[in-house]
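Here's the structure, in structure tokens; my notes come after.
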Protein chains: 2
Amino acid sequence: MAILVLRLGHRKERDKRVTTHVCLAARALGADGVILSGERDDKIIATVKKVAENWGGKFSVKYEGNRKRAITAAKKKGFAVAHLTMYGERLQDVAARLRKKRKLLVVVGAEKVPSDVYSLADFNVAVGSQPHSEVAALAITLHEIFGGRELSKRFPGARLRIVPQQNGKKVLRRGK
Amino acid sequence: MAILVLRLGHRKERDKRVTTHVCLAARALGADGVILSGERDDKIIATVKKVAENWGGKFSVKYEGNRKRAITAAKKKGFAVAHLTMYGERLQDVAARLRKKRKLLVVVGAEKVPSDVYSLADFNVAVGSQPHSEVAALAITLHEIFGGRELSKRFPGARLRIVPQQNGKKVLRRGK
């Protein structure tokens with residue numbers, strides 16, 4: 001299954017850390033790439049690429065300023081579109097349908113998402129109908145789609161690899 | 001099961017949005033309260049209290065500047081302490097043990113967590129051994145502990161309540 005994450009409405013100052021969390025969570029939890037929209041922010045793109053380089057696996061990072069174009073381009077390529085919003089259908093009711101898709105674009109907004117996104121989406125999905133966090137919503141959605149297997153995902157070609165420990169830190173570094 | 005979330009090392013400027021996401025995700029995903037540590041930030045405390053007031057349920061928000069005191073006080077009250085860190089044991093290996101606890105303090109850091117936290121914790125838990133986001137890690141941990149039931153949690157006394165919709169927004173407001 002191919003999953004891309006589209007981050008809408010990034011504001012350079014206000015959202016830099018949360019957008020970085022969205023990108024890194026997407027990568028760590030099994031997505032294949034992110035598309036950033038809103039204000040262009042080359043620093044975040046560089047940060048995420050650097051993490052992917054050091055920690056392995058394949059992960060694409062792209063910018064598309066026009067959100068409609070990003071969504072319709074994905075649809076043309078056969079992606080189903082799941083927009084995460086507290087107003088949507090309950091994740092527990094749609095997860096089974098999402099799992100059946102071969103290609104999925106998961107859309108997460110920053111502050112307020114324009115109404116065209118609701119109509120363009122094939123699914124508007126609520127991870128709990130409470131205000132919280134697009135990072136949390138994305139994480140649980142990916143976890144539900146992959147059924148927990150994402151936590152054991154391998155990241156080939158990593159320069160850095162952690163060996164899980166009860167206490168302390170163990171990091172293996174691949175020689176250059 | 002009682003769950004509190006301790007947010008370590010908050011920095012007022014840098015972390016304001018991510019710490020807010022930690023608090024709101026904790027509330028929305030079934031925790032009973034948060035304890036904030038690091039720099040004192042009354043604005044975040046007010047924001048989270050306001051959300052809890054409007055959206056219902058019980059949720060405590062406290063500040064404790066001394067992280068050791070926060071952790072040892074919780075331990076004295078019978079809380080097991082699970083520190084979320086990419087270096088820890090795999091969540092998939094410890095989740096069953098966490099679920100058996102009657103009281104759990106879930107600790108999430110900001111940038112770099114001091115080593116005393118690793119030793120004070122009963123569990124150092126990795127939600128994937130990749131760099132990503134404490135918000136995502138917290139979300140998946142709560143989701144694993146509650147087995148998905150947190151998404152159907154009720155929030156009594158809410159002034160605002162969302163009715164899940166396939167498209168659009170439906171919010172019920174309780175009359176004053």
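Naming scheme: A, B, ... for chains in displayed order of the structure tokens; residues 1 onward per chain; ligands 1 onward as shown.
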
Proximity check chain B to chain A, 7 Å, nearest pairs one decimal Å, only C-alpha atoms, as CSV:
residue,atom,partner,partner_atom,distance
B:Val18,CA,A:Val18,CA,6.2
B:His21,CA,A:Ser133,CA,5.2
B:Leu24,CA,A:His132,CA,4.6
B:Ala25,CA,A:His132,CA,4.9
B:Ala28,CA,A:Gln130,CA,5.8
B:Tyr87,CA,A:Lys169,CA,5.4
B:Gly88,CA,A:Gln165,CA,4.8
B:Glu89,CA,A:Pro164,CA,4.9
B:Arg90,CA,A:Pro164,CA,6.5
B:Tyr118,CA,A:Asn167,CA,6.0
B:Ser119,CA,A:Asn167,CA,6.9
B:Phe123,CA,A:Gln166,CA,6.9
B:Asn124,CA,A:Gln166,CA,5.9
B:Val127,CA,A:Leu151,CA,6.7
B:Gly128,CA,A:Leu151,CA,4.8
B:Ser129,CA,A:Ile162,CA,6.0
B:Gln130,CA,A:Ala28,CA,5.8
B:Pro131,CA,A:Leu24,CA,6.9
B:His132,CA,A:Leu24,CA,4.6
B:Ser133,CA,A:His21,CA,5.2
B:Val135,CA,A:Ala136,CA,5.7
B:Ala136,CA,A:Ala136,CA,4.8
B:Ala139,CA,A:Ala136,CA,5.2
B:Ile140,CA,A:Ile140,CA,5.9
B:Leu151,CA,A:Gly128,CA,4.8
B:Ser152,CA,A:Gly128,CA,6.9
B:Ile162,CA,A:Ser129,CA,6.0
B:Pro164,CA,A:Glu89,CA,4.9
B:Gln165,CA,A:Gly88,CA,4.9
B:Gln166,CA,A:Glu89,CA,5.4
B:Asn167,CA,A:Tyr118,CA,6.0
B:Gly168,CA,A:Tyr118,CA,6.7
B:Lys169,CA,A:Tyr87,CA,5.4
B:Lys170,CA,A:Tyr87,CA,6.9

For the selection you just gave me, I'd like the residues written to a file as a short mmCIF file (atom, residue, chain, number, x, y, z; two decimals), in the first residue's frame, keeping N, CA and C atoms.
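Everything below was put into part06.cif:
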data_model
loop_
_atom_site.label_atom_id
_atom_site.label_comp_id
_atom_site.auth_asym_id
_atom_site.auth_seq_id
_atom_site.Cartn_x
_atom_site.Cartn_y
_atom_site.Cartn_z
N VAL B 18 3.68 22.72 20.09
CA VAL B 18 3.80 21.27 20.29
C VAL B 18 3.32 20.88 21.69
N HIS B 21 -0.33 20.74 21.65
CA HIS B 21 -0.76 19.49 21.00
C HIS B 21 -0.63 18.31 21.95
N LEU B 24 -3.62 18.59 24.42
CA LEU B 24 -4.94 18.34 23.83
C LEU B 24 -5.07 16.89 23.36
N ALA B 25 -3.97 16.33 22.86
CA ALA B 25 -4.00 14.92 22.47
C ALA B 25 -4.19 14.05 23.71
N ALA B 28 -7.91 14.36 24.59
CA ALA B 28 -8.82 13.76 23.62
C ALA B 28 -8.69 12.24 23.58
N TYR B 87 14.81 5.57 22.20
CA TYR B 87 15.88 4.64 22.58
C TYR B 87 15.37 3.46 23.42
N GLY B 88 14.11 3.50 23.81
CA GLY B 88 13.60 2.53 24.78
C GLY B 88 13.21 1.18 24.19
N GLU B 89 12.60 0.37 25.04
CA GLU B 89 12.05 -0.93 24.61
C GLU B 89 10.88 -0.68 23.68
N ARG B 90 10.63 -1.63 22.80
CA ARG B 90 9.58 -1.45 21.81
C ARG B 90 8.17 -1.48 22.44
N TYR B 118 15.49 8.67 32.58
CA TYR B 118 15.59 7.27 32.15
C TYR B 118 15.66 6.33 33.36
N SER B 119 16.38 6.74 34.40
CA SER B 119 16.55 5.89 35.58
C SER B 119 15.31 5.92 36.47
N PHE B 123 9.52 2.24 32.91
CA PHE B 123 9.62 1.78 31.52
C PHE B 123 10.17 2.90 30.66
N ASN B 124 11.15 2.60 29.83
CA ASN B 124 11.51 3.51 28.75
C ASN B 124 10.99 2.86 27.47
N VAL B 127 8.20 4.16 20.62
CA VAL B 127 7.12 4.00 19.65
C VAL B 127 7.78 4.08 18.27
N GLY B 128 8.36 2.95 17.88
CA GLY B 128 9.25 2.98 16.71
C GLY B 128 10.59 3.55 17.15
N SER B 129 11.68 3.00 16.64
CA SER B 129 13.00 3.48 17.05
C SER B 129 13.55 4.49 16.06
N GLN B 130 12.68 5.39 15.63
CA GLN B 130 13.02 6.41 14.65
C GLN B 130 12.72 7.78 15.25
N PRO B 131 13.45 8.80 14.82
CA PRO B 131 13.11 10.13 15.30
C PRO B 131 11.77 10.57 14.73
N HIS B 132 10.83 10.97 15.57
CA HIS B 132 9.61 11.58 15.02
C HIS B 132 9.02 12.61 15.95
N SER B 133 8.02 12.27 16.74
CA SER B 133 7.28 13.31 17.43
C SER B 133 6.74 12.77 18.73
N VAL B 135 4.23 13.91 20.18
CA VAL B 135 2.77 13.92 20.08
C VAL B 135 2.28 12.61 19.45
N ALA B 136 2.96 12.20 18.39
CA ALA B 136 2.62 10.94 17.72
C ALA B 136 2.87 9.76 18.66
N ALA B 139 0.17 9.63 21.28
CA ALA B 139 -1.11 9.21 20.70
C ALA B 139 -1.16 7.70 20.53
N ILE B 140 -0.11 7.13 19.96
CA ILE B 140 -0.12 5.69 19.71
C ILE B 140 -0.06 4.92 21.03
N LEU B 151 -11.31 6.40 21.45
CA LEU B 151 -11.92 7.19 20.37
C LEU B 151 -13.44 7.33 20.55
N SER B 152 -13.99 6.49 21.40
CA SER B 152 -15.43 6.59 21.67
C SER B 152 -15.70 7.17 23.06
N ILE B 162 -19.49 17.64 18.60
CA ILE B 162 -19.52 17.42 17.16
C ILE B 162 -20.34 16.19 16.82
N PRO B 164 -20.49 13.52 14.02
CA PRO B 164 -19.66 13.10 12.89
C PRO B 164 -20.42 13.14 11.56
N GLN B 165 -19.76 13.67 10.53
CA GLN B 165 -20.39 13.87 9.22
C GLN B 165 -19.47 13.39 8.12
N GLN B 166 -20.06 12.89 7.06
CA GLN B 166 -19.27 12.50 5.90
C GLN B 166 -18.64 13.73 5.25
N ASN B 167 -19.38 14.82 5.25
CA ASN B 167 -18.90 16.05 4.62
C ASN B 167 -19.49 17.22 5.39
N GLY B 168 -18.72 18.25 5.60
CA GLY B 168 -19.23 19.42 6.32
C GLY B 168 -19.05 19.31 7.82
N LYS B 169 -19.61 20.28 8.55
CA LYS B 169 -19.38 20.38 9.99
C LYS B 169 -20.71 20.50 10.71
N LYS B 170 -20.89 19.69 11.71
CA LYS B 170 -22.09 19.84 12.53
C LYS B 170 -21.69 19.89 13.99
#

Check your understanding: If you run DSSP on this backbone, which residues of stretch 80-139 of chain A come out as alpha helix (DSSP H), and could you give them as a VMD selection string?
Key -> chain A and resid 91 to 99 115 to 120 134 to 139

Save out the residues we just selected, N, CA and C atoms, as a PDB file, in the first residue's frame.
ATOM      1  N   LEU A  91     -13.068   7.402  12.647  1.00  0.00           N
ATOM      2  CA  LEU A  91     -12.032   6.510  12.118  1.00  0.00           C
ATOM      3  C   LEU A  91     -12.417   5.045  12.314  1.00  0.00           C
ATOM      4  N   GLN A  92     -12.970   4.751  13.494  1.00  0.00           N
ATOM      5  CA  GLN A  92     -13.320   3.353  13.780  1.00  0.00           C
ATOM      6  C   GLN A  92     -14.384   2.825  12.802  1.00  0.00           C
ATOM      7  N   ASP A  93     -15.125   3.722  12.159  1.00  0.00           N
ATOM      8  CA  ASP A  93     -16.141   3.297  11.191  1.00  0.00           C
ATOM      9  C   ASP A  93     -15.597   3.197   9.756  1.00  0.00           C
ATOM     10  N   VAL A  94     -14.514   3.886   9.461  1.00  0.00           N
ATOM     11  CA  VAL A  94     -14.019   3.889   8.077  1.00  0.00           C
ATOM     12  C   VAL A  94     -12.669   3.181   7.906  1.00  0.00           C
ATOM     13  N   ALA A  95     -12.019   2.802   9.010  1.00  0.00           N
ATOM     14  CA  ALA A  95     -10.663   2.237   8.919  1.00  0.00           C
ATOM     15  C   ALA A  95     -10.610   1.039   7.975  1.00  0.00           C
ATOM     16  N   ALA A  96     -11.612   0.172   8.043  1.00  0.00           N
ATOM     17  CA  ALA A  96     -11.605  -1.031   7.209  1.00  0.00           C
ATOM     18  C   ALA A  96     -11.610  -0.661   5.728  1.00  0.00           C
ATOM     19  N   ARG A  97     -12.381   0.387   5.384  1.00  0.00           N
ATOM     20  CA  ARG A  97     -12.416   0.821   3.982  1.00  0.00           C
ATOM     21  C   ARG A  97     -11.089   1.445   3.561  1.00  0.00           C
ATOM     22  N   LEU A  98     -10.467   2.193   4.457  1.00  0.00           N
ATOM     23  CA  LEU A  98      -9.171   2.807   4.131  1.00  0.00           C
ATOM     24  C   LEU A  98      -8.113   1.730   3.884  1.00  0.00           C
ATOM     25  N   ARG A  99      -8.153   0.680   4.694  1.00  0.00           N
ATOM     26  CA  ARG A  99      -7.152  -0.389   4.595  1.00  0.00           C
ATOM     27  C   ARG A  99      -7.191  -1.094   3.240  1.00  0.00           C
ATOM     28  N   SER A 115     -13.099  24.864   2.704  1.00  0.00           N
ATOM     29  CA  SER A 115     -14.176  23.887   2.523  1.00  0.00           C
ATOM     30  C   SER A 115     -13.998  23.037   1.259  1.00  0.00           C
ATOM     31  N   ASP A 116     -13.236  23.538   0.277  1.00  0.00           N
ATOM     32  CA  ASP A 116     -13.054  22.734  -0.934  1.00  0.00           C
ATOM     33  C   ASP A 116     -12.362  21.396  -0.631  1.00  0.00           C
ATOM     34  N   VAL A 117     -11.550  21.384   0.414  1.00  0.00           N
ATOM     35  CA  VAL A 117     -10.850  20.142   0.762  1.00  0.00           C
ATOM     36  C   VAL A 117     -11.843  19.067   1.219  1.00  0.00           C
ATOM     37  N   TYR A 118     -12.859  19.494   1.962  1.00  0.00           N
ATOM     38  CA  TYR A 118     -13.884  18.540   2.415  1.00  0.00           C
ATOM     39  C   TYR A 118     -14.580  17.877   1.223  1.00  0.00           C
ATOM     40  N   SER A 119     -14.837  18.675   0.170  1.00  0.00           N
ATOM     41  CA  SER A 119     -15.551  18.135  -0.992  1.00  0.00           C
ATOM     42  C   SER A 119     -14.631  17.305  -1.881  1.00  0.00           C
ATOM     43  N   LEU A 120     -13.370  17.721  -1.993  1.00  0.00           N
ATOM     44  CA  LEU A 120     -12.431  16.973  -2.831  1.00  0.00           C
ATOM     45  C   LEU A 120     -12.097  15.611  -2.217  1.00  0.00           C
ATOM     46  N   GLU A 134      -3.173  17.417  14.722  1.00  0.00           N
ATOM     47  CA  GLU A 134      -3.067  16.694  13.453  1.00  0.00           C
ATOM     48  C   GLU A 134      -1.942  15.661  13.498  1.00  0.00           C
ATOM     49  N   VAL A 135      -0.950  15.889  14.343  1.00  0.00           N
ATOM     50  CA  VAL A 135       0.135  14.906  14.455  1.00  0.00           C
ATOM     51  C   VAL A 135      -0.405  13.627  15.108  1.00  0.00           C
ATOM     52  N   ALA A 136      -1.171  13.808  16.173  1.00  0.00           N
ATOM     53  CA  ALA A 136      -1.780  12.661  16.863  1.00  0.00           C
ATOM     54  C   ALA A 136      -2.762  11.939  15.942  1.00  0.00           C
ATOM     55  N   ALA A 137      -3.567  12.709  15.222  1.00  0.00           N
ATOM     56  CA  ALA A 137      -4.567  12.119  14.329  1.00  0.00           C
ATOM     57  C   ALA A 137      -3.890  11.316  13.226  1.00  0.00           C
ATOM     58  N   LEU A 138      -2.837  11.875  12.666  1.00  0.00           N
ATOM     59  CA  LEU A 138      -2.093  11.179  11.615  1.00  0.00           C
ATOM     60  C   LEU A 138      -1.477   9.883  12.160  1.00  0.00           C
ATOM     61  N   ALA A 139      -0.885   9.972  13.338  1.00  0.00           N
ATOM     62  CA  ALA A 139      -0.225   8.800  13.933  1.00  0.00           C
ATOM     63  C   ALA A 139      -1.213   7.656  14.137  1.00  0.00           C
TER      64      ALA A 139
END

From a backbone DSSP assignment, name each residue in stretch 18-172 of chain A labelled strand (DSSP E), as an mmCIF file with C-alpha atoms, in the first residue's frame.
data_model
loop_
_atom_site.group_PDB
_atom_site.id
_atom_site.type_symbol
_atom_site.label_atom_id
_atom_site.label_comp_id
_atom_site.auth_asym_id
_atom_site.auth_seq_id
_atom_site.Cartn_x
_atom_site.Cartn_y
_atom_site.Cartn_z
ATOM 1 C CA GLY A 33 6.386 10.593 1.472
ATOM 2 C CA VAL A 34 4.962 14.011 2.237
ATOM 3 C CA ILE A 35 3.749 16.869 0.114
ATOM 4 C CA LEU A 36 3.964 20.255 1.792
ATOM 5 C CA SER A 37 1.557 23.035 0.929
ATOM 6 C CA GLY A 38 0.991 26.553 2.263
ATOM 7 C CA SER A 60 9.869 11.568 -0.679
ATOM 8 C CA VAL A 61 9.478 15.231 0.281
ATOM 9 C CA LYS A 62 7.837 17.627 -2.138
ATOM 10 C CA TYR A 63 6.323 21.082 -2.186
ATOM 11 C CA ALA A 80 -8.029 7.782 -2.551
ATOM 12 C CA VAL A 81 -8.064 10.925 -0.418
ATOM 13 C CA ALA A 82 -8.646 10.807 3.344
ATOM 14 C CA HIS A 83 -8.826 14.217 4.981
ATOM 15 C CA LEU A 84 -8.386 14.097 8.752
ATOM 16 C CA THR A 85 -10.778 16.458 10.518
ATOM 17 C CA MET A 86 -12.526 16.414 13.878
ATOM 18 C CA TYR A 87 -15.810 16.950 12.014
ATOM 19 C CA GLY A 88 -15.582 13.835 9.873
ATOM 20 C CA GLU A 89 -16.800 10.245 10.102
ATOM 21 C CA ARG A 90 -15.324 8.225 12.930
ATOM 22 C CA LYS A 103 -2.970 4.183 -2.732
ATOM 23 C CA LEU A 104 -3.983 6.680 -0.097
ATOM 24 C CA LEU A 105 -3.371 10.396 0.271
ATOM 25 C CA VAL A 106 -3.840 11.411 3.905
ATOM 26 C CA VAL A 107 -4.518 15.140 4.185
ATOM 27 C CA VAL A 108 -3.867 17.073 7.392
ATOM 28 C CA PHE A 123 -13.229 10.471 3.157
ATOM 29 C CA ASN A 124 -13.402 13.068 5.894
ATOM 30 C CA VAL A 125 -12.156 11.171 8.917
ATOM 31 C CA ALA A 126 -12.334 12.071 12.606
ATOM 32 C CA LEU A 160 22.125 5.451 12.280
ATOM 33 C CA ARG A 161 20.179 2.668 13.902
ATOM 34 C CA ILE A 162 18.894 2.387 17.463
ATOM 35 C CA VAL A 171 22.971 3.808 18.558
ATOM 36 C CA LEU A 172 24.831 1.938 15.842
#
